[in-house]
Amino acid sequence: MNREDLERVADRARMAPHLGLLVNNAGFGTLGYFFEADVVRQEEMHQLHVIATLRLTHAALANLVPRRTGGVINVSSLAAFIQAPLSVSYCATKRWINSFTEGWRSSWRRRSPP
């Protein structure tokens, strides 16, 4: 994941006057025992699944919430509900996506009148 590209997309989501929906659906997985896996590749997975989702969701909500319109869909995986020995980081990051999305959605609902 290129940080400059991520910032460029986040800026666009934050400033787009007609943004209606953000769909975060990027991801990849690796197979193997975590302690034997390439740690750089594991970090790249965390950057894409976690950091990109966090930054783009934040940017989109900064645009959408004040206008009281639109939405964000953070695509996860069934792997978020299990822990597979050969996909530890993948399952963990997908579980993070679910928890993160449920958390900001809950706080947004409490803040916004019906």
# chains A, B, ... in the order shown; residues from 1 in each chain; ligands from 1

call {"tool": "residues_around", "arguments": {"residues": "region 66-79 of chain A", "least_positions_apart": "3", "cutoff": "6 Å", "atoms": "only C-alpha atoms", "output": "PyMOL selection string"}}
result
chain A and resi 20-25+82+91+94

call {"tool": "write_last_selection", "arguments": {"atoms": "N, CA, C and O atoms", "output": "mmCIF file, in the first residue's frame"}}
result
data_model
loop_
_atom_site.group_PDB
_atom_site.id
_atom_site.type_symbol
_atom_site.label_atom_id
_atom_site.label_comp_id
_atom_site.auth_asym_id
_atom_site.auth_seq_id
_atom_site.Cartn_x
_atom_site.Cartn_y
_atom_site.Cartn_z
ATOM 1 N N GLY A 20 -21.659 9.702 -2.053
ATOM 2 C CA GLY A 20 -22.841 9.102 -1.466
ATOM 3 C C GLY A 20 -22.538 7.798 -0.762
ATOM 4 O O GLY A 20 -23.206 7.434 0.209
ATOM 5 N N LEU A 21 -21.512 7.085 -1.228
ATOM 6 C CA LEU A 21 -21.228 5.771 -0.669
ATOM 7 C C LEU A 21 -19.755 5.443 -0.851
ATOM 8 O O LEU A 21 -19.207 5.609 -1.939
ATOM 9 N N LEU A 22 -19.131 4.984 0.217
ATOM 10 C CA LEU A 22 -17.777 4.447 0.153
ATOM 11 C C LEU A 22 -17.867 2.955 0.402
ATOM 12 O O LEU A 22 -18.494 2.522 1.373
ATOM 13 N N VAL A 23 -17.251 2.167 -0.454
ATOM 14 C CA VAL A 23 -17.160 0.719 -0.257
ATOM 15 C C VAL A 23 -15.680 0.371 -0.129
ATOM 16 O O VAL A 23 -14.929 0.477 -1.096
ATOM 17 N N ASN A 24 -15.274 0.004 1.076
ATOM 18 C CA ASN A 24 -13.910 -0.475 1.317
ATOM 19 C C ASN A 24 -13.917 -1.984 1.090
ATOM 20 O O ASN A 24 -14.502 -2.725 1.876
ATOM 21 N N ASN A 25 -13.276 -2.423 0.021
ATOM 22 C CA ASN A 25 -13.309 -3.841 -0.329
ATOM 23 C C ASN A 25 -11.947 -4.324 -0.819
ATOM 24 O O ASN A 25 -11.863 -5.187 -1.682
ATOM 25 N N ILE A 82 -13.777 -16.639 12.698
ATOM 26 C CA ILE A 82 -13.011 -17.840 13.064
ATOM 27 C C ILE A 82 -11.574 -17.440 13.351
ATOM 28 O O ILE A 82 -11.189 -16.297 13.136
ATOM 29 N N CYS A 91 -7.442 -13.399 9.517
ATOM 30 C CA CYS A 91 -8.622 -13.491 10.389
ATOM 31 C C CYS A 91 -8.665 -12.329 11.373
ATOM 32 O O CYS A 91 -9.725 -11.738 11.604
ATOM 33 N N LYS A 94 -9.607 -8.998 9.598
ATOM 34 C CA LYS A 94 -11.019 -8.999 9.197
ATOM 35 C C LYS A 94 -11.918 -8.854 10.426
ATOM 36 O O LYS A 94 -12.948 -8.183 10.377
#

call {"tool": "select_by_dssp", "arguments": {"residues": "region 8-114 of chain A", "states": "alpha helix (DSSP H)", "output": "MDAnalysis selection string"}}
result
chainID A and resid 8:15 39:46 53:67 88:111

call {"tool": "residues_around", "arguments": {"residues": "Val88 (chain A)", "least_positions_apart": "5", "cutoff": "12 Å", "atoms": "only C-alpha atoms", "output": "list in words"}}
result
Gly29, Thr30, Leu31, Gly32, Tyr33, Phe34, Phe35, Glu36, Ala37, Gln42, Met45, His46, Ala79, Ala80, Phe81, Ile82, Gln83, Thr93, Lys94 and Arg95 of chain A

call {"tool": "select_by_dssp", "arguments": {"residues": "chain A", "states": "strand (DSSP E)", "output": "number ranges by chain"}}
result
A: 21-24, 71-74

call {"tool": "write_last_selection", "arguments": {"atoms": "N, CA and C atoms", "output": "short mmCIF file (atom, residue, chain, number, x, y, z; two decimals), in the first residue's frame"}}
result
data_model
loop_
_atom_site.label_atom_id
_atom_site.label_comp_id
_atom_site.auth_asym_id
_atom_site.auth_seq_id
_atom_site.Cartn_x
_atom_site.Cartn_y
_atom_site.Cartn_z
N LEU A 21 -21.51 7.09 -1.23
CA LEU A 21 -21.23 5.77 -0.67
C LEU A 21 -19.76 5.44 -0.85
N LEU A 22 -19.13 4.98 0.22
CA LEU A 22 -17.78 4.45 0.15
C LEU A 22 -17.87 2.95 0.40
N VAL A 23 -17.25 2.17 -0.45
CA VAL A 23 -17.16 0.72 -0.26
C VAL A 23 -15.68 0.37 -0.13
N ASN A 24 -15.27 0.00 1.08
CA ASN A 24 -13.91 -0.47 1.32
C ASN A 24 -13.92 -1.98 1.09
N GLY A 71 -23.39 6.60 3.04
CA GLY A 71 -23.00 5.50 3.90
C GLY A 71 -21.63 4.97 3.58
N VAL A 72 -21.19 4.06 4.42
CA VAL A 72 -19.90 3.39 4.26
C VAL A 72 -20.14 1.90 4.43
N ILE A 73 -19.64 1.12 3.51
CA ILE A 73 -19.68 -0.33 3.61
C ILE A 73 -18.24 -0.81 3.70
N ASN A 74 -17.90 -1.44 4.82
CA ASN A 74 -16.58 -2.04 5.00
C ASN A 74 -16.74 -3.54 4.84
#

call {"tool": "atom_distance", "arguments": {"atom1": "CA of Arg41 (chain A)", "atom2": "CA of Gly27 (chain A)"}}
result
12.3 Å

call {"tool": "residues_around", "arguments": {"residues": "Ala60 (chain A)", "least_positions_apart": "4", "cutoff": "7 Å", "atoms": "only C-alpha atoms", "output": "list in words"}}
result
Ala13, Arg14, Leu22, Leu56 and Leu64 of chain A

call {"tool": "write_last_selection", "arguments": {"atoms": "C-alpha atoms", "output": "PDB file, in the first residue's frame"}}
result
ATOM      1  CA  ALA A  13     -13.421  11.151  -0.302  1.00  0.00           C
ATOM      2  CA  ARG A  14     -13.240  13.980   2.230  1.00  0.00           C
ATOM      3  CA  LEU A  22     -17.777   4.447   0.153  1.00  0.00           C
ATOM      4  CA  LEU A  56     -10.852   6.040   4.143  1.00  0.00           C
ATOM      5  CA  LEU A  64     -21.095  12.393   4.854  1.00  0.00           C
TER       6      LEU A  64
END

call {"tool": "atom_distance", "arguments": {"atom1": "CA of Arg8 (chain A)", "atom2": "CA of Ala62 (chain A)"}}
result
15.2 Å

call {"tool": "atom_distance", "arguments": {"atom1": "CA of Ser99 (chain A)", "atom2": "CA of Glu43 (chain A)"}}
result
19.5 Å
